[in-house]
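Have a look at the structure below before the remarks.
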Amino acid sequence: MRIGAIAGITFKEAKRDRILYLLFFFAALGIGASRVLAILTVGDRIKIIKDVGLASIAIFGVLMAILIGTNLVYKEIDKKTIYTLLAKPLHRAEFILGKFCGLVLTLFVMTAAMTVIFLDIVFAHTGAIEAGLLVAVAYIFLELVLITAVAILFSSFSTPILSSLFALAFYLIGHLSWGLELIIRKMAPGPGRTLVQVLYRVLPDLENFNFRTEVVHGLPIPPGIYLTSLAYGVCYTAFILVLAVLIFRRRDFI
Amino acid sequence: MADAIRIENLRKTFRLGFIPRPREILKGITLSVREGETFGYLGPNGAGKTTTIKCLLGFVHPDAGTIEILGRPHTSPRSRERLGFLPENPYFYDYLTAREFLAFTADLFGLGQEEKTERIGRLLKLVGLERAADLALRKYSRGMLQRAGLAQALINDPQLVVLDEPLGGMDPLGRKEIRDIIVRFKDEGKTVFLTSHILQDIEMICDRVAIIVGGRIVKEGGLRDLVSEKVLFTEVTVSGLPPQAFAGLGESVSIQGDRVLLKVYDESLVEAVVALVHDRKGRLISLSPRTETLEDIFVDTVTCQ
């Protein structure tokens, strides 16, 4: 109930944020521009539309999660609205979870809106909607949920600018960490290799949520991968949220 | 009578600045507020009043000491189920209307729809915001925000109300209205813990007070015990006589036209002043003995530290 109330107010606040609509406008522009790119490209035009469309949803979704998420908790502390909330019978964990759920709901609505535009364009070209595209979007959304948790984690102890940089770094590292696996394969056994192995285990691997290439090119995906990626996303998000709650619980609001 | 608030040996040090330097704000606060009483917590700026409230409500973690609210440890969210809090300079979600904001706070207490609607209507009426109920809070004046803050503090019909500077920023009429509401709390059996710089109001509404200076409580007790009935001096206003006529009787404080305001410190000399005015055909305008006030005690206590 209390988490729902906080989530509701967060959703109300997020949907008033102009950045959200600006990013949505550019996302829609990006999805629409895929048609132009397709015309200019030699080869399978539909693949270009799908590829650029999915990439637009992913990139602008991440920007929404980071730019709004990193402000959410900070704004409550900075504007001192948190005093009114924490004086109520509210656990600090409920506050963090409420903020998280509110932003996830906002991102769900925005992702759904972007997907509708994207599927409209695909339908206009192919006359059909592939279920695979919805699966790719669902995993993009799962990645956004994780990025939201990360943004809230940094927002619980840092300023919006620093939090945005940290969250962006997390996103970039998460998409490049798969390269460490290649390095491990080529390294000789020793302390260096162990260190890289530890890094590989600790750093996030956001490529787990990337089914875009397979969906766009119609490549087969083993069914077990879906489940593993889902479990990875849920567990990682839960871990980040627990971390955020632990940090937030120790904070003094001066 | 049980304690609504019990604080024992509360200590808090903040480390602030780029190179953090420890600054001890609370140096062992011990106090208790009994159920049903109105307790005034006074002190100069920076004395530690707001930090005490922040510790009490769990906004900051004390370094040492214990705090109990209505018999429960302050860290338990359940201790805040029957508590209402009005922060100093209340900040709310300014895009909400007062009605929406109260509905949101009611949701945090899990009130049912019917109860919520009834309470919101009643509280808006109580704080005089009925007509502005559907106006966004960003359009509110400071006094109106203070009223909205008081309404949200009462949404759960609290047993204990903590008010941080509830009369700040209010016009005289608003101050009187809020003061009357606080007095009504007493009739309803609610406990009130409040801080204020307006000592006349504290004197009017509080049963007991504590004065905090430099992070320590330096005076605590019932208002009647602290403020004595002793006459400090008598203010006499006369007309038709020059101030020099009262040499040796009293100190002339101000002269306006032919009116002279005298301060007579020795009670036995008051009659001599009256006789002098009578004999020299002057006019006695007013005569008022000044007893000790809370302000005198506060100023004495703070300047002695």
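Each chain in the structure tokens gets a letter, A, B, ..., in the order shown, and its residues are numbered from 1; ligands are numbered from 1 in order too.
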
TODO: List every residue of range 18-155 of chain B that DSSP, applied to the backbone of this structure, places in alpha helix (DSSP H), and write the result as an NGL selection string.
DONE: :B and (49-56 or 98-108 or 113-126 or 142-153)

Open item on the list: Quick one: residues within 7 Å of Lys99 in chain A, only C-alpha atoms, excluding same-chain residues fewer than 6 positions away - as JSON, numbers by chain?
Closed with: {"A": [6, 7, 10]}

Open item on the list: Show me, as a ChimeraX atom specification, every residue of chain A with an atom at most 7 Å from chain B, counting only C-alpha atoms.
Closed with: /A:1-2,5,79-81,87-91,252-254

Open item on the list: To test your reading of the structure, identify every residue in range 16-225 of chain B that backbone DSSP assigns to strand (DSSP E), and report it as a VMD selection string.
Closed with: chain B and resid 16 21 to 34 38 to 42 64 to 69 72 to 73 83 to 86 160 to 164 191 to 195 208 to 213 216 to 222

Can you write out the residues you just picked, keeping C-alpha atoms, as a compact mmCIF listing (two decimals), in the first residue's frame?
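For reference, again_4.txt as written:
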# COMPACT_ATOMS: atom_id res chain seq x y z
CA LEU B 16 30.68 18.70 7.64
CA ARG B 21 35.53 18.47 10.90
CA PRO B 22 33.48 17.03 13.74
CA ARG B 23 30.95 19.39 15.30
CA GLU B 24 29.08 18.14 18.34
CA ILE B 25 25.51 19.40 18.04
CA LEU B 26 23.80 17.44 20.82
CA LYS B 27 25.80 16.86 24.00
CA GLY B 28 23.66 14.47 26.01
CA ILE B 29 20.05 15.57 25.84
CA THR B 30 17.72 13.99 28.37
CA LEU B 31 14.06 14.94 28.51
CA SER B 32 10.62 13.46 28.71
CA VAL B 33 7.26 14.71 27.53
CA ARG B 34 4.26 13.36 29.40
CA THR B 38 2.00 20.68 25.54
CA PHE B 39 5.78 20.90 25.68
CA GLY B 40 7.79 23.85 24.37
CA TYR B 41 11.35 23.24 23.23
CA LEU B 42 13.21 26.54 23.11
CA ALA B 64 24.47 7.65 21.43
CA GLY B 65 21.37 7.66 23.56
CA THR B 66 17.90 6.19 23.47
CA ILE B 67 14.65 7.64 22.19
CA GLU B 68 11.18 6.26 22.78
CA ILE B 69 7.99 7.50 21.14
CA ARG B 72 8.24 2.23 21.25
CA PRO B 73 11.83 2.67 20.06
CA LEU B 83 2.49 10.67 15.33
CA GLY B 84 2.00 13.81 13.26
CA PHE B 85 4.86 16.07 12.18
CA LEU B 86 4.97 19.56 10.75
CA LEU B 160 1.49 12.95 19.53
CA VAL B 161 2.03 16.05 17.37
CA VAL B 162 5.55 17.35 16.74
CA LEU B 163 5.57 20.89 15.40
CA ASP B 164 8.79 22.59 14.31
CA THR B 191 0.48 15.50 23.32
CA VAL B 192 2.22 18.40 21.60
CA PHE B 193 5.98 18.88 21.28
CA LEU B 194 6.76 22.19 19.64
CA THR B 195 9.60 24.55 18.97
CA ARG B 208 6.20 22.72 30.34
CA VAL B 209 9.28 23.99 28.55
CA ALA B 210 12.92 23.07 28.11
CA ILE B 211 15.60 25.50 27.01
CA ILE B 212 18.48 24.10 24.99
CA VAL B 213 21.71 26.05 24.55
CA ARG B 216 22.60 20.93 26.30
CA ILE B 217 19.34 21.39 28.15
CA VAL B 218 20.01 24.18 30.60
CA LYS B 219 16.53 24.67 32.04
CA GLU B 220 13.45 22.47 32.14
CA GLY B 221 10.23 22.59 34.08
CA GLY B 222 6.61 23.60 34.33

TODO: Within 12 Å of Ala28 in chain A, counting only C-alpha atoms, which residues show up once you throw out same-chain ones fewer than 3 positions away? Write them as a PyMOL selection string, please.
DONE: chain A and resi 21-25+31-35+52-57+59-61+110-121

TODO: Take CA of Leu102 in chain B and CA of Glu94 in chain A and report the distance between them in Å, one decimal.
DONE: 19.3 Å

TODO: For Leu262 in chain B, please output as JSON, numbers by chain all residues within 8 Å (counting only C-alpha atoms; exclusion window: fewer than 4 positions along the same chain).
DONE: {"B": [235, 236, 237, 250, 251, 252, 253, 254]}

Take the residues that were just selected and, keeping all heavy atoms, output them as an mmCIF file, in the first residue's frame.
data_model
loop_
_atom_site.group_PDB
_atom_site.id
_atom_site.type_symbol
_atom_site.label_atom_id
_atom_site.label_comp_id
_atom_site.auth_asym_id
_atom_site.auth_seq_id
_atom_site.Cartn_x
_atom_site.Cartn_y
_atom_site.Cartn_z
ATOM 1 N N GLU B 235 5.525 49.949 35.167
ATOM 2 C CA GLU B 235 5.569 50.968 34.122
ATOM 3 C C GLU B 235 4.477 51.995 34.427
ATOM 4 O O GLU B 235 3.309 51.623 34.587
ATOM 5 C CB GLU B 235 5.313 50.341 32.747
ATOM 6 C CG GLU B 235 6.533 49.652 32.175
ATOM 7 C CD GLU B 235 6.292 49.080 30.791
ATOM 8 O OE1 GLU B 235 5.120 49.001 30.359
ATOM 9 O OE2 GLU B 235 7.283 48.706 30.158
ATOM 10 N N VAL B 236 4.883 53.262 34.538
ATOM 11 C CA VAL B 236 3.922 54.318 34.856
ATOM 12 C C VAL B 236 3.970 55.355 33.734
ATOM 13 O O VAL B 236 5.054 55.836 33.380
ATOM 14 C CB VAL B 236 4.263 55.004 36.198
ATOM 15 C CG1 VAL B 236 3.165 55.999 36.598
ATOM 16 C CG2 VAL B 236 4.470 53.966 37.293
ATOM 17 N N THR B 237 2.816 55.662 33.151
ATOM 18 C CA THR B 237 2.762 56.706 32.136
ATOM 19 C C THR B 237 2.021 57.901 32.736
ATOM 20 O O THR B 237 0.898 57.745 33.230
ATOM 21 C CB THR B 237 2.027 56.204 30.875
ATOM 22 O OG1 THR B 237 2.560 54.934 30.529
ATOM 23 C CG2 THR B 237 2.209 57.165 29.704
ATOM 24 N N GLY B 250 12.090 57.007 39.628
ATOM 25 C CA GLY B 250 12.059 56.015 38.555
ATOM 26 C C GLY B 250 12.872 56.463 37.366
ATOM 27 O O GLY B 250 13.327 57.611 37.301
ATOM 28 N N GLU B 251 13.042 55.559 36.452
ATOM 29 C CA GLU B 251 13.852 55.846 35.258
ATOM 30 C C GLU B 251 12.914 56.251 34.127
ATOM 31 O O GLU B 251 11.948 55.525 33.838
ATOM 32 C CB GLU B 251 14.607 54.557 34.881
ATOM 33 C CG GLU B 251 15.462 54.660 33.656
ATOM 34 C CD GLU B 251 15.900 53.268 33.179
ATOM 35 O OE1 GLU B 251 15.842 52.299 33.992
ATOM 36 O OE2 GLU B 251 16.252 53.160 32.008
ATOM 37 N N SER B 252 13.160 57.413 33.516
ATOM 38 C CA SER B 252 12.288 57.818 32.415
ATOM 39 C C SER B 252 12.755 57.107 31.135
ATOM 40 O O SER B 252 13.905 57.217 30.725
ATOM 41 C CB SER B 252 12.304 59.340 32.299
ATOM 42 O OG SER B 252 12.711 59.749 31.055
ATOM 43 N N VAL B 253 11.867 56.354 30.533
ATOM 44 C CA VAL B 253 12.234 55.508 29.385
ATOM 45 C C VAL B 253 11.968 56.229 28.072
ATOM 46 O O VAL B 253 12.780 56.179 27.145
ATOM 47 C CB VAL B 253 11.450 54.176 29.420
ATOM 48 C CG1 VAL B 253 11.870 53.271 28.271
ATOM 49 C CG2 VAL B 253 11.648 53.470 30.728
ATOM 50 N N SER B 254 10.809 56.877 27.968
ATOM 51 C CA SER B 254 10.523 57.592 26.725
ATOM 52 C C SER B 254 9.630 58.787 26.998
ATOM 53 O O SER B 254 8.885 58.817 27.997
ATOM 54 C CB SER B 254 9.863 56.659 25.702
ATOM 55 O OG SER B 254 8.531 56.422 26.065
#

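For the choices B:Gln256, B:Leu276, B:Gly248, B:Val227, the atom-to-atom distance to Ile297 in chain B is smallest for B:Val227 when using only C-alpha atoms.
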
What's around range 165-177 of chain A at 6 Å? Count only C-alpha atoms, leave out sequence neighbours fewer than 2 positions away in its own chain, and write the answer as a PDB file with C-alpha atoms, in the first residue's frame.
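Below is the file that was written, around06.pdb:
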ATOM      1  CA  ALA A 151      20.327   5.018 -11.206  1.00  0.00           C
ATOM      2  CA  LEU A 162      27.764  12.201 -10.729  1.00  0.00           C
ATOM      3  CA  SER A 163      24.994   9.609 -10.536  1.00  0.00           C
ATOM      4  CA  GLY A 179      35.136  -8.646 -24.384  1.00  0.00           C
ATOM      5  CA  LEU A 180      36.801  -9.801 -21.165  1.00  0.00           C
ATOM      6  CA  PRO A 204      27.520  -6.677 -15.242  1.00  0.00           C
ATOM      7  CA  ASP A 205      26.984  -8.298 -18.621  1.00  0.00           C
ATOM      8  CA  LEU A 206      24.137  -6.378 -20.224  1.00  0.00           C
ATOM      9  CA  GLU A 207      24.590  -8.258 -23.495  1.00  0.00           C
TER      10      GLU A 207
END

Task: Surrounding residues of Leu241 in chain A excluding itself and chain neighbours under 3 positions, 8 Å, only C-alpha atoms, as an MDAnalysis selection string - done: chainID A and resid 96:97 149:150 153 237:238 244:245
